[in-house]
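The data block below is run-v7.pdb; it holds PDB, C-alpha atoms.
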```
ATOM      1  CA  MET A 835      18.161 -83.967 136.255
ATOM      2  CA  ARG A 836      14.617 -83.491 137.497
ATOM      3  CA  VAL A 837      12.015 -82.836 134.809
ATOM      4  CA  ALA A 838       8.535 -81.630 135.774
ATOM      5  CA  VAL A 839       5.930 -82.338 133.096
ATOM      6  CA  VAL A 840       2.877 -80.147 133.612
ATOM      7  CA  VAL A 841      -0.506 -81.743 132.983
ATOM      8  CA  PHE A 842      -3.532 -79.561 132.237
ATOM      9  CA  PRO A 843      -7.018 -80.945 131.622
ATOM     10  CA  GLY A 844      -6.773 -81.915 127.947
ATOM     11  CA  THR A 845      -3.001 -82.373 127.813
ATOM     12  CA  ASN A 846      -2.223 -85.551 125.873
ATOM     13  CA  CYS A 847       1.515 -85.614 125.143
ATOM     14  CA  ASP A 848       2.691 -85.732 128.750
ATOM     15  CA  GLN A 849       3.582 -89.426 128.671
ATOM     16  CA  ASP A 850       5.595 -88.978 125.460
ATOM     17  CA  VAL A 851       7.723 -86.404 127.262
ATOM     18  CA  VAL A 852       8.016 -88.557 130.395
ATOM     19  CA  HIS A 853       9.120 -91.425 128.133
ATOM     20  CA  VAL A 854      11.885 -89.402 126.453
ATOM     21  CA  PHE A 855      13.326 -87.981 129.635
ATOM     22  CA  GLY A 856      12.546 -90.760 132.073
ATOM     23  CA  LYS A 857      12.944 -93.912 130.027
ATOM     24  CA  LEU A 858      15.317 -93.037 127.185
ATOM     25  CA  LEU A 859      17.523 -90.466 128.881
ATOM     26  CA  LYS A 860      17.355 -91.785 132.442
ATOM     27  CA  ALA A 861      16.413 -88.431 133.956
ATOM     28  CA  GLU A 862      13.840 -88.170 136.736
ATOM     29  CA  ALA A 863      10.647 -87.185 134.946
ATOM     30  CA  PHE A 864       7.392 -86.738 136.828
ATOM     31  CA  PRO A 865       3.957 -85.207 136.165
ATOM     32  CA  VAL A 866       2.777 -82.052 137.931
ATOM     33  CA  TRP A 867      -0.981 -81.388 137.966
ATOM     34  CA  HIS A 868      -1.974 -77.889 136.857
ATOM     35  CA  ARG A 869      -3.643 -77.102 140.223
ATOM     36  CA  ASP A 870      -0.324 -77.707 142.014
ATOM     37  CA  THR A 871       2.045 -74.857 142.666
ATOM     38  CA  ASP A 872       5.040 -76.923 143.761
ATOM     39  CA  LEU A 873       7.400 -77.805 140.917
ATOM     40  CA  GLN A 874       9.185 -80.271 143.206
ATOM     41  CA  ARG A 875      12.725 -78.966 142.783
ATOM     42  CA  ALA A 876      12.605 -79.350 139.013
ATOM     43  CA  ASP A 877      15.632 -78.438 136.896
ATOM     44  CA  LEU A 878      13.473 -78.300 133.806
ATOM     45  CA  VAL A 879       9.750 -77.709 133.358
ATOM     46  CA  VAL A 880       8.007 -79.003 130.232
ATOM     47  CA  LEU A 881       4.572 -77.865 129.062
ATOM     48  CA  PRO A 882       3.618 -80.715 126.715
ATOM     49  CA  GLY A 883       1.219 -80.811 123.786
ATOM     50  CA  GLY A 884      -2.498 -81.433 123.805
ATOM     51  CA  PHE A 885      -5.686 -79.433 123.895
ATOM     52  CA  SER A 886      -5.706 -77.793 127.309
ATOM     53  CA  TYR A 887      -9.228 -76.699 128.273
ATOM     54  CA  GLY A 888     -10.459 -77.978 124.922
ATOM     55  CA  ASP A 889      -8.815 -74.978 123.232
ATOM     56  CA  TYR A 890     -11.729 -72.868 124.516
ATOM     57  CA  LEU A 891     -11.528 -69.124 123.819
ATOM     58  CA  ARG A 892      -8.036 -69.337 122.263
ATOM     59  CA  THR A 893      -5.456 -72.102 122.403
ATOM     60  CA  GLY A 894      -3.539 -71.811 125.656
ATOM     61  CA  ALA A 895      -5.615 -68.872 126.911
ATOM     62  CA  LEU A 896      -7.286 -70.589 129.849
ATOM     63  CA  ALA A 897      -4.249 -72.689 130.754
ATOM     64  CA  LYS A 898      -2.277 -69.543 131.489
ATOM     65  CA  LEU A 899      -4.619 -68.877 134.430
ATOM     66  CA  SER A 900      -3.990 -72.268 136.057
ATOM     67  CA  PRO A 901      -2.302 -72.035 139.463
ATOM     68  CA  VAL A 902       0.817 -73.870 138.256
ATOM     69  CA  MET A 903       1.566 -71.105 135.758
ATOM     70  CA  GLN A 904       2.491 -68.591 138.460
ATOM     71  CA  ALA A 905       5.044 -71.111 139.706
ATOM     72  CA  VAL A 906       6.301 -71.610 136.134
ATOM     73  CA  LYS A 907       6.618 -67.835 135.672
ATOM     74  CA  ASP A 908       8.550 -67.473 138.932
ATOM     75  CA  PHE A 909      10.754 -70.414 137.955
ATOM     76  CA  ALA A 910      11.470 -68.911 134.517
ATOM     77  CA  GLY A 911      12.100 -65.529 136.141
ATOM     78  CA  ARG A 912      14.867 -67.101 138.217
ATOM     79  CA  GLY A 913      16.444 -68.457 135.022
ATOM     80  CA  GLY A 914      14.841 -71.917 135.236
ATOM     81  CA  LYS A 915      14.580 -73.837 131.971
ATOM     82  CA  VAL A 916      11.094 -74.106 130.489
ATOM     83  CA  LEU A 917      10.205 -75.980 127.301
ATOM     84  CA  GLY A 918       6.800 -75.735 125.619
ATOM     85  CA  ILE A 919       5.854 -78.119 122.829
ATOM     86  CA  CYS A 920       2.825 -77.480 120.587
ATOM     87  CA  ASN A 921       0.021 -76.506 122.986
ATOM     88  CA  GLY A 922       2.793 -75.801 125.518
ATOM     89  CA  PHE A 923       4.250 -73.259 123.079
ATOM     90  CA  GLN A 924       0.817 -71.666 122.696
ATOM     91  CA  ILE A 925       0.501 -71.444 126.494
ATOM     92  CA  LEU A 926       3.942 -69.813 126.812
ATOM     93  CA  CYS A 927       3.005 -67.189 124.202
ATOM     94  CA  GLU A 928      -0.342 -66.526 125.913
ATOM     95  CA  SER A 929       1.442 -66.178 129.255
ATOM     96  CA  GLY A 930       3.827 -63.607 127.864
ATOM     97  CA  LEU A 931       6.833 -65.829 128.592
ATOM     98  CA  LEU A 932       7.515 -65.953 124.856
ATOM     99  CA  PRO A 933       6.882 -63.252 122.253
ATOM    100  CA  GLY A 934       4.292 -63.563 119.487
ATOM    101  CA  ALA A 935       1.186 -65.696 119.069
ATOM    102  CA  LEU A 936      -0.009 -68.717 117.114
ATOM    103  CA  LEU A 937      -2.707 -68.012 114.552
ATOM    104  CA  GLU A 938      -4.778 -70.522 112.635
ATOM    105  CA  ASN A 939      -2.917 -72.310 109.858
ATOM    106  CA  VAL A 940      -3.024 -70.409 106.593
ATOM    107  CA  GLY A 941      -4.763 -73.304 104.819
ATOM    108  CA  GLN A 942      -7.570 -73.396 107.437
ATOM    109  CA  ARG A 943      -6.869 -77.048 108.152
ATOM    110  CA  PHE A 944      -5.693 -79.119 111.051
ATOM    111  CA  LEU A 945      -2.299 -80.404 109.918
ATOM    112  CA  SER A 946      -1.176 -83.834 111.046
ATOM    113  CA  ARG A 947       1.935 -84.796 109.124
ATOM    114  CA  PHE A 948       5.717 -84.931 109.163
ATOM    115  CA  VAL A 949       7.749 -81.771 108.647
ATOM    116  CA  HIS A 950      11.426 -80.926 108.445
ATOM    117  CA  ILE A 951      12.755 -78.301 110.791
ATOM    118  CA  LYS A 952      16.133 -76.682 110.468
ATOM    119  CA  THR A 953      18.047 -75.937 113.636
ATOM    120  CA  GLU A 954      19.141 -72.309 113.840
ATOM    121  CA  ARG A 955      22.092 -70.812 115.662
ATOM    122  CA  SER A 956      20.193 -69.549 118.706
ATOM    123  CA  VAL A 957      20.568 -68.664 122.364
ATOM    124  CA  GLY A 958      17.917 -71.268 123.290
ATOM    125  CA  PHE A 959      18.856 -73.855 125.908
ATOM    126  CA  PHE A 960      16.977 -76.414 123.804
ATOM    127  CA  ALA A 961      18.680 -77.119 120.438
ATOM    128  CA  GLY A 962      20.754 -73.938 120.731
ATOM    129  CA  GLY A 963      23.932 -75.980 121.183
ATOM    130  CA  MET A 964      23.314 -78.124 118.129
ATOM    131  CA  GLU A 965      25.141 -77.747 114.864
ATOM    132  CA  PRO A 966      23.274 -74.984 113.000
ATOM    133  CA  GLY A 967      21.547 -76.272 109.893
ATOM    134  CA  LYS A 968      20.900 -79.724 111.324
ATOM    135  CA  VAL A 969      17.510 -80.988 110.142
ATOM    136  CA  ILE A 970      15.046 -82.796 112.398
ATOM    137  CA  THR A 971      12.153 -84.641 110.789
ATOM    138  CA  CYS A 972       9.190 -85.012 113.128
ATOM    139  CA  PRO A 973       5.398 -84.729 113.221
ATOM    140  CA  ILE A 974       3.205 -81.691 113.651
ATOM    141  CA  ALA A 975      -0.413 -81.917 114.765
ATOM    142  CA  HIS A 976      -2.069 -78.539 115.093
ATOM    143  CA  PHE A 977      -4.668 -76.109 113.793
ATOM    144  CA  GLN A 978      -3.149 -72.988 115.331
ATOM    145  CA  GLY A 979       0.542 -73.178 114.477
ATOM    146  CA  ASN A 980       0.962 -70.156 112.263
ATOM    147  CA  TYR A 981       3.534 -68.146 114.192
ATOM    148  CA  TYR A 982       2.862 -64.427 114.190
ATOM    149  CA  ALA A 983       4.745 -61.487 115.631
ATOM    150  CA  ASP A 984       4.663 -57.878 114.484
ATOM    151  CA  PRO A 985       7.552 -56.770 112.214
ATOM    152  CA  ALA A 986       9.441 -55.004 115.011
ATOM    153  CA  THR A 987       9.299 -58.079 117.250
ATOM    154  CA  LEU A 988      10.351 -60.335 114.369
ATOM    155  CA  ALA A 989      13.367 -58.143 113.649
ATOM    156  CA  GLU A 990      14.312 -58.268 117.323
ATOM    157  CA  LEU A 991      13.960 -62.072 117.444
ATOM    158  CA  GLU A 992      16.187 -62.435 114.390
ATOM    159  CA  ALA A 993      18.796 -60.005 115.707
ATOM    160  CA  ASN A 994      18.950 -61.624 119.157
ATOM    161  CA  GLY A 995      19.267 -65.205 117.932
ATOM    162  CA  GLN A 996      15.862 -66.115 119.369
ATOM    163  CA  VAL A 997      14.713 -68.205 116.405
ATOM    164  CA  VAL A 998      15.387 -71.811 117.410
ATOM    165  CA  PHE A 999      13.830 -73.753 114.500
ATOM    166  CA  ARG A1000      12.474 -72.968 111.043
ATOM    167  CA  TYR A1001      10.354 -75.133 108.771
ATOM    168  CA  SER A1002      12.478 -76.270 105.836
ATOM    169  CA  ASP A1003      12.724 -78.945 103.177
ATOM    170  CA  ALA A1004      14.638 -82.183 103.785
ATOM    171  CA  ALA A1005      17.883 -80.490 102.802
ATOM    172  CA  GLY A1006      17.382 -77.639 105.262
ATOM    173  CA  VAL A1007      16.400 -75.027 102.692
ATOM    174  CA  VAL A1008      14.019 -72.455 104.183
ATOM    175  CA  ALA A1009      11.442 -70.778 101.942
ATOM    176  CA  PRO A1010       8.754 -68.927 103.958
ATOM    177  CA  ALA A1011       6.413 -68.517 100.948
ATOM    178  CA  ASP A1012       6.555 -72.245 100.114
ATOM    179  CA  ARG A1013       3.517 -74.031 101.584
ATOM    180  CA  LEU A1014       5.134 -77.442 101.034
ATOM    181  CA  SER A1015       7.786 -76.707 103.652
ATOM    182  CA  ASN A1016       6.345 -73.797 105.661
ATOM    183  CA  VAL A1017       3.063 -75.666 105.911
ATOM    184  CA  ASN A1018       1.161 -73.420 108.303
ATOM    185  CA  GLY A1019       2.289 -70.058 106.924
ATOM    186  CA  SER A1020       4.403 -68.983 109.905
ATOM    187  CA  CYS A1021       6.192 -65.606 109.749
ATOM    188  CA  ASN A1022       9.783 -66.175 108.577
ATOM    189  CA  ALA A1023       8.951 -69.916 108.602
ATOM    190  CA  ILE A1024       9.472 -69.884 112.383
ATOM    191  CA  ALA A1025       8.780 -73.231 114.074
ATOM    192  CA  GLY A1026      10.302 -72.428 117.461
ATOM    193  CA  VAL A1027      11.518 -69.414 119.427
ATOM    194  CA  CYS A1028      13.080 -68.618 122.785
ATOM    195  CA  ASN A1029      13.092 -65.641 125.104
ATOM    196  CA  LYS A1030      16.006 -63.218 125.139
ATOM    197  CA  ALA A1031      17.799 -65.073 127.917
ATOM    198  CA  GLY A1032      17.339 -68.412 126.127
ATOM    199  CA  ASN A1033      15.921 -70.256 129.152
ATOM    200  CA  VAL A1034      12.367 -70.425 127.793
ATOM    201  CA  VAL A1035      11.907 -72.271 124.492
ATOM    202  CA  GLY A1036       8.716 -73.086 122.593
ATOM    203  CA  LEU A1037       8.134 -74.991 119.371
ATOM    204  CA  MET A1038       5.111 -76.261 117.442
ATOM    205  CA  PRO A1039       6.512 -79.554 116.040
ATOM    206  CA  HIS A1040       6.853 -82.705 118.141
ATOM    207  CA  PRO A1041      10.484 -83.895 118.238
ATOM    208  CA  GLU A1042       9.483 -86.094 121.209
ATOM    209  CA  ARG A1043       7.565 -88.227 118.704
ATOM    210  CA  ALA A1044      10.690 -88.944 116.650
ATOM    211  CA  VAL A1045      13.125 -90.247 119.240
ATOM    212  CA  GLU A1046      13.373 -93.947 118.402
ATOM    213  CA  SER A1047      14.043 -95.492 114.990
ATOM    214  CA  LEU A1048      11.485 -98.217 115.709
ATOM    215  CA  THR A1049       8.565 -95.800 116.072
ATOM    216  CA  GLY A1050       9.818 -92.530 114.589
ATOM    217  CA  PHE A1051       8.686 -93.549 111.089
ATOM    218  CA  VAL A1052      10.303 -91.271 108.466
ATOM    219  CA  GLY A1053      11.738 -89.086 111.234
ATOM    220  CA  GLY A1054      13.675 -91.974 112.743
ATOM    221  CA  ASP A1055      15.307 -90.730 115.927
ATOM    222  CA  THR A1056      16.289 -87.304 114.577
ATOM    223  CA  GLY A1057      14.279 -85.618 117.327
ATOM    224  CA  LEU A1058      16.315 -87.077 120.167
ATOM    225  CA  GLU A1059      19.434 -84.916 119.972
ATOM    226  CA  PRO A1060      18.076 -81.681 121.497
ATOM    227  CA  PHE A1061      16.607 -83.653 124.433
ATOM    228  CA  ARG A1062      19.866 -85.539 124.906
ATOM    229  CA  ARG A1063      21.829 -82.309 125.015
ATOM    230  CA  VAL A1064      19.522 -80.813 127.635
ATOM    231  CA  VAL A1065      20.088 -83.794 129.907
ATOM    232  CA  GLY A1066      23.767 -83.880 129.084
ATOM    233  CA  ALA A1067      23.601 -87.550 128.087
TER     234      ALA A1067
ATOM    235  CA  MET B 567     -24.982 -54.565 134.386
ATOM    236  CA  ARG B 568     -24.653 -56.377 131.137
ATOM    237  CA  PHE B 569     -21.709 -55.909 128.813
ATOM    238  CA  GLN B 570     -20.855 -57.096 125.368
ATOM    239  CA  VAL B 571     -17.239 -57.543 124.409
ATOM    240  CA  LEU B 572     -16.383 -57.720 120.717
ATOM    241  CA  VAL B 573     -13.041 -59.356 120.008
ATOM    242  CA  ARG B 574     -11.485 -59.423 116.561
ATOM    243  CA  LEU B 575      -8.069 -59.769 114.978
ATOM    244  CA  LYS B 576      -6.111 -56.531 114.579
ATOM    245  CA  GLY B 577      -6.104 -54.889 111.166
ATOM    246  CA  GLY B 578      -2.740 -56.134 109.971
ATOM    247  CA  VAL B 579      -3.213 -59.723 111.107
ATOM    248  CA  LEU B 580      -4.318 -62.164 108.410
ATOM    249  CA  ASP B 581      -7.802 -63.500 109.123
ATOM    250  CA  VAL B 582      -7.817 -66.900 107.447
ATOM    251  CA  GLN B 583     -11.457 -67.574 108.375
ATOM    252  CA  GLY B 584     -12.465 -64.316 106.717
ATOM    253  CA  LYS B 585     -10.478 -65.305 103.624
ATOM    254  CA  ALA B 586     -12.204 -68.698 103.486
ATOM    255  CA  ILE B 587     -15.635 -67.028 103.749
ATOM    256  CA  GLU B 588     -14.689 -64.614 100.963
ATOM    257  CA  THR B 589     -13.688 -67.506  98.702
ATOM    258  CA  GLY B 590     -16.925 -69.349  99.491
ATOM    259  CA  LEU B 591     -19.021 -66.293  98.670
ATOM    260  CA  LYS B 592     -17.121 -65.709  95.418
ATOM    261  CA  ASP B 593     -18.001 -69.268  94.393
ATOM    262  CA  LYS B 594     -21.638 -68.209  94.712
ATOM    263  CA  LYS B 595     -20.969 -65.094  92.602
ATOM    264  CA  PHE B 596     -21.024 -62.668  95.528
ATOM    265  CA  ASN B 597     -18.051 -60.722  94.248
ATOM    266  CA  ALA B 598     -18.729 -57.484  96.106
ATOM    267  CA  PHE B 599     -17.594 -58.676  99.531
ATOM    268  CA  LYS B 600     -14.077 -57.744 100.620
ATOM    269  CA  ASN B 601     -12.048 -57.659 103.833
ATOM    270  CA  ILE B 602     -14.220 -60.086 105.773
ATOM    271  CA  ARG B 603     -13.160 -60.255 109.414
ATOM    272  CA  VAL B 604     -14.458 -62.847 111.827
ATOM    273  CA  GLY B 605     -14.725 -61.979 115.501
ATOM    274  CA  ARG B 606     -16.254 -63.193 118.705
ATOM    275  CA  VAL B 607     -18.920 -61.747 120.975
ATOM    276  CA  ILE B 608     -18.665 -62.355 124.701
ATOM    277  CA  GLU B 609     -21.597 -61.274 126.865
ATOM    278  CA  LEU B 610     -21.281 -60.917 130.595
ATOM    279  CA  ASP B 611     -23.259 -59.706 133.601
ATOM    280  CA  VAL B 612     -21.369 -57.826 136.277
ATOM    281  CA  ASP B 613     -23.097 -57.669 139.656
ATOM    282  CA  GLY B 614     -22.504 -55.993 142.972
ATOM    283  CA  VAL B 615     -20.134 -53.237 141.879
ATOM    284  CA  SER B 616     -20.613 -49.660 140.687
ATOM    285  CA  ALA B 617     -20.947 -48.893 136.975
ATOM    286  CA  THR B 618     -17.461 -47.387 136.829
ATOM    287  CA  GLU B 619     -15.955 -50.309 138.688
ATOM    288  CA  ALA B 620     -17.829 -52.793 136.486
ATOM    289  CA  ARG B 621     -16.458 -51.227 133.333
ATOM    290  CA  ALA B 622     -12.950 -51.110 134.788
ATOM    291  CA  GLN B 623     -13.142 -54.809 135.641
ATOM    292  CA  VAL B 624     -14.392 -55.726 132.171
ATOM    293  CA  GLU B 625     -11.502 -53.744 130.710
ATOM    294  CA  GLU B 626      -9.118 -55.633 132.995
ATOM    295  CA  VAL B 627     -10.370 -59.102 132.043
ATOM    296  CA  CYS B 628     -10.234 -58.152 128.356
ATOM    297  CA  LYS B 629      -6.512 -57.547 128.753
ATOM    298  CA  LEU B 630      -5.994 -60.570 130.982
ATOM    299  CA  LEU B 631      -7.994 -63.186 129.121
ATOM    300  CA  LEU B 632     -10.772 -62.262 126.707
ATOM    301  CA  ALA B 633      -8.446 -60.827 124.062
ATOM    302  CA  ASN B 634      -4.807 -61.450 123.214
ATOM    303  CA  PRO B 635      -3.320 -57.973 122.717
ATOM    304  CA  VAL B 636      -0.595 -59.387 120.469
ATOM    305  CA  ILE B 637      -3.099 -60.246 117.735
ATOM    306  CA  GLU B 638      -6.521 -58.988 118.785
ATOM    307  CA  GLN B 639      -8.403 -55.787 119.530
ATOM    308  CA  TYR B 640     -11.502 -55.487 121.651
ATOM    309  CA  GLU B 641     -14.440 -53.205 122.045
ATOM    310  CA  ILE B 642     -16.641 -52.994 125.139
ATOM    311  CA  LYS B 643     -20.313 -52.139 124.813
ATOM    312  CA  GLU B 644     -22.952 -51.779 127.472
ATOM    313  CA  ALA B 645     -25.763 -54.080 126.480
TER     314      ALA B 645
END
```
Target encoding structure tokens, full file:
Amino acid sequence: MRVAVVVFPGTNCDQDVVHVFGKLLKAEAFPVWHRDTDLQRADLVVLPGGFSYGDYLRTGALAKLSPVMQAVKDFAGRGGKVLGICNGFQILCESGLLPGALLENVGQRFLSRFVHIKTERSVGFFAGGMEPGKVITCPIAHFQGNYYADPATLAELEANGQVVFRYSDAAGVVAPADRLSNVNGSCNAIAGVCNKAGNVVGLMPHPERAVESLTGFVGGDTGLEPFRRVVGA
Amino acid sequence: MRFQVLVRLKGGVLDVQGKAIETGLKDKKFNAFKNIRVGRVIELDVDGVSATEARAQVEEVCKLLLANPVIEQYEIKEA
């Protein structure tokens, strides 16, 4: 499997993603600079986390204008798999490849901490095949992670199985009004969504930072499974 | 021609910055302030095109980049 990892000015999680796919899962993972328009026969495109363009204007707003994004849109339009993590999720929402938007966290703070996310039964290519209810414990690191969509869009997402992850407690209990689990105040405690076809997935948390028991801290390697399933390893 | 674009969150979208300002003001006994909304002003010169065309282009870039129609509304003013 060939995995293109897009690098914008200000991206800083690209090597984490290359490590998961290239080193741990033995896929071919390579960086693609945002000025490039050739995705080099990728089977999967990842927009990693970071602070593209210094988060100027709105998070992900300027990145959507980068030349590579037209190629990503065409790729997704042909059914190609696209995964956006953190800032990558924000870019996908700004680009219109995913519904909704990420507002500032309800508590008006940058949140850098571990969270639990419950895997939902979804049509998403990433984590969609996992046992529903499975809990991943991994870090978040964001100021704008408060998922918002208008009520009609939310109802549609729920009905179509487009919610991929929700913030939960360690046991997988979801309580949207609870700030201890739904830390940023996301609508319906949504941590990740996909498009209707399931080939574009975005999530705010960083499962790629909880893929090895040695370094995953309290998350251990709980974040590895969705990546492993994508590669088929 | 010079334009001013005012971008703010739509009515139904929670403005957490506005809320934080409200709380801060309440701490200083300014209890009369409600529904504080924080926005952004973008000023831009448009050269070499007609007035109609200039306005049309500003409108276009508002939709493309300056505002996110999912959460924000915008207002264009000639400065």
Tell me, counting all atoms listed in the file, for each residue of chain B within 9 Å of chain A, which pair of atoms is nearest and how far apart they are in Å to one decimal, in rows ordered by chain and increasing number, as JSON lines.
```
{"residue": "B:Gly578", "atom": "CA", "partner": "A:Asp984", "partner_atom": "CA", "distance": 8.8}
{"residue": "B:Val579", "atom": "CA", "partner": "A:Tyr982", "partner_atom": "CA", "distance": 8.3}
{"residue": "B:Leu580", "atom": "CA", "partner": "A:Val940", "partner_atom": "CA", "distance": 8.5}
{"residue": "B:Asp581", "atom": "CA", "partner": "A:Glu938", "partner_atom": "CA", "distance": 8.4}
{"residue": "B:Val582", "atom": "CA", "partner": "A:Val940", "partner_atom": "CA", "distance": 6.0}
{"residue": "B:Gln583", "atom": "CA", "partner": "A:Gln942", "partner_atom": "CA", "distance": 7.1}
{"residue": "B:Ala586", "atom": "CA", "partner": "A:Gln942", "partner_atom": "CA", "distance": 7.7}
{"residue": "B:Leu631", "atom": "CA", "partner": "A:Ala895", "partner_atom": "CA", "distance": 6.5}
{"residue": "B:Leu632", "atom": "CA", "partner": "A:Leu891", "partner_atom": "CA", "distance": 7.5}
{"residue": "B:Ala633", "atom": "CA", "partner": "A:Arg892", "partner_atom": "CA", "distance": 8.7}
{"residue": "B:Asn634", "atom": "CA", "partner": "A:Glu928", "partner_atom": "CA", "distance": 7.3}
{"residue": "B:Val636", "atom": "CA", "partner": "A:Gly934", "partner_atom": "CA", "distance": 6.5}
{"residue": "B:Ile637", "atom": "CA", "partner": "A:Ala935", "partner_atom": "CA", "distance": 7.1}
```
Open item on the list: Report, in Å with one decimal, the straight-line distance from atom CA of Leu932 of chain A to atom CA of Gly1019 of chain A.
Closed with: 19.1 Å
TODO: Show which residues sit within 9 Å of segment 594-607 of chain B, as a PyMOL selection string. Count only C-alpha atoms, and ignore same-chain residues fewer than 5 positions away.
DONE: chain B and resi 570-575+581-585+587-589
TODO: Please provide the set of residues having any atom within 7 Å of Gly918 of chain A, restricted to all atoms listed in the file, with same-chain residues fewer than 2 positions apart removed, written as a PyMOL selection string.
DONE: chain A and resi 880-882+916+920+922-923+926+1035-1037
If I wrap all listed atoms of segment 581-597 of chain B in a box with edges along x, y and z and add 6 Å on each side, what are its centre and edge lengths in Å to one decimal, as AutoDock Vina command-line options?
```
--center_x -14.7 --center_y -65.0 --center_z 100.9 --size_x 25.8 --size_y 20.6 --size_z 28.5
```
Open item on the list: Could you tell me how far atom CA of Arg568 of chain B sits from atom CA of Cys628 of chain B, in Å to one decimal place?
Closed with: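 So the answer is 14.8 Å.
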- [ ] Apply the PyMOL selection byres ((chain A and resi 1041) around 9) to the structure shown and report the selected residues as number ranges by chain.
- [x] A: 919, 970-974, 1039-1040, 1042-1045, 1053, 1055-1058, 1060-1061
Hits of the PyMOL selection byres ((chain A and resi 946) around 9) in this structure, as a PDB file with C-alpha atoms, keeping the file's coordinate frame:
```
ATOM      1  CA  PHE A 944      -5.693 -79.119 111.051  1.00  0.00           C
ATOM      2  CA  LEU A 945      -2.299 -80.404 109.918  1.00  0.00           C
ATOM      3  CA  ARG A 947       1.935 -84.796 109.124  1.00  0.00           C
ATOM      4  CA  PHE A 948       5.717 -84.931 109.163  1.00  0.00           C
ATOM      5  CA  PRO A 973       5.398 -84.729 113.221  1.00  0.00           C
ATOM      6  CA  ILE A 974       3.205 -81.691 113.651  1.00  0.00           C
ATOM      7  CA  ALA A 975      -0.413 -81.917 114.765  1.00  0.00           C
ATOM      8  CA  HIS A 976      -2.069 -78.539 115.093  1.00  0.00           C
ATOM      9  CA  PHE A 977      -4.668 -76.109 113.793  1.00  0.00           C
TER      10      PHE A 977
END
```
- [ ] Excluding Val969 of chain A and any residue of its chain fewer than 5 positions from it, enumerate the residues within 12 Å of it, using only C-alpha atoms, and give them as number ranges by chain.
- [x] A: 949-954, 961, 964, 998-1008, 1041, 1053-1060
With C-alpha atoms kept, could you save the residues just selected as a short mmCIF file (atom, residue, chain, number, x, y, z; two decimals), keeping the file's coordinate frame?
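The result, stored in selection34.cif:
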```cif
data_model
loop_
_atom_site.label_atom_id
_atom_site.label_comp_id
_atom_site.auth_asym_id
_atom_site.auth_seq_id
_atom_site.Cartn_x
_atom_site.Cartn_y
_atom_site.Cartn_z
CA VAL A 949 7.75 -81.77 108.65
CA HIS A 950 11.43 -80.93 108.44
CA ILE A 951 12.76 -78.30 110.79
CA LYS A 952 16.13 -76.68 110.47
CA THR A 953 18.05 -75.94 113.64
CA GLU A 954 19.14 -72.31 113.84
CA ALA A 961 18.68 -77.12 120.44
CA MET A 964 23.31 -78.12 118.13
CA VAL A 998 15.39 -71.81 117.41
CA PHE A 999 13.83 -73.75 114.50
CA ARG A 1000 12.47 -72.97 111.04
CA TYR A 1001 10.35 -75.13 108.77
CA SER A 1002 12.48 -76.27 105.84
CA ASP A 1003 12.72 -78.94 103.18
CA ALA A 1004 14.64 -82.18 103.78
CA ALA A 1005 17.88 -80.49 102.80
CA GLY A 1006 17.38 -77.64 105.26
CA VAL A 1007 16.40 -75.03 102.69
CA VAL A 1008 14.02 -72.46 104.18
CA PRO A 1041 10.48 -83.90 118.24
CA GLY A 1053 11.74 -89.09 111.23
CA GLY A 1054 13.68 -91.97 112.74
CA ASP A 1055 15.31 -90.73 115.93
CA THR A 1056 16.29 -87.30 114.58
CA GLY A 1057 14.28 -85.62 117.33
CA LEU A 1058 16.32 -87.08 120.17
CA GLU A 1059 19.43 -84.92 119.97
CA PRO A 1060 18.08 -81.68 121.50
#
```
Open item on the list: Neighbouring residues of Asp908 of chain A were defined as those with any atom within 12 Å, considering all atoms listed in the file; residues of the same chain fewer than 6 positions away were excluded. Please report them as a count of residues only.
Closed with: 10
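If you count all atoms listed in the file and ignore residues fewer than 6 places along the chain from Phe855 of chain A, what sits within 10 Å of it is Met835, Arg836, Val837, Val839, Gln849, Ala861, Glu862, Ala863, Phe864, Glu1042, Leu1058, Phe1061, Arg1062, Val1064 and Val1065 of chain A.
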Open item on the list: Please compute the atom CA of Arg875 of chain A-atom CA of Val906 of chain A distance, one decimal, in Å.
Closed with: 11.8 Å
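Run against this file, the PyMOL selection byres ((chain A and resi 995) around 7) gives back A:Arg955, A:Ser956, A:Val957, A:Leu991, A:Glu992, A:Ala993, A:Asn994, A:Gln996, A:Val997.
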- [ ] Could you give me, as an MDAnalysis selection string, the residues that sit within 10 Å of (-24.2, -49.5, 127.7) in the file's coordinates, counting only C-alpha atoms?
- [x] chainID B and resid 567:570 617 621 642:645
- [ ] Please identify all polymer residues lying at most 9 Å from the point (-6.1, -84.1, 128.3) (file coordinates), using all atoms listed in the file, and present the result as number ranges by chain.
- [x] A: 841-848, 884-888
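Restricting the calculation to all atoms listed in the file, the smallest distance between Phe960 of chain A and any of A:Ser900, A:Asn1033, A:Ser1015, A:Gln924 is found for A:Asn1033.
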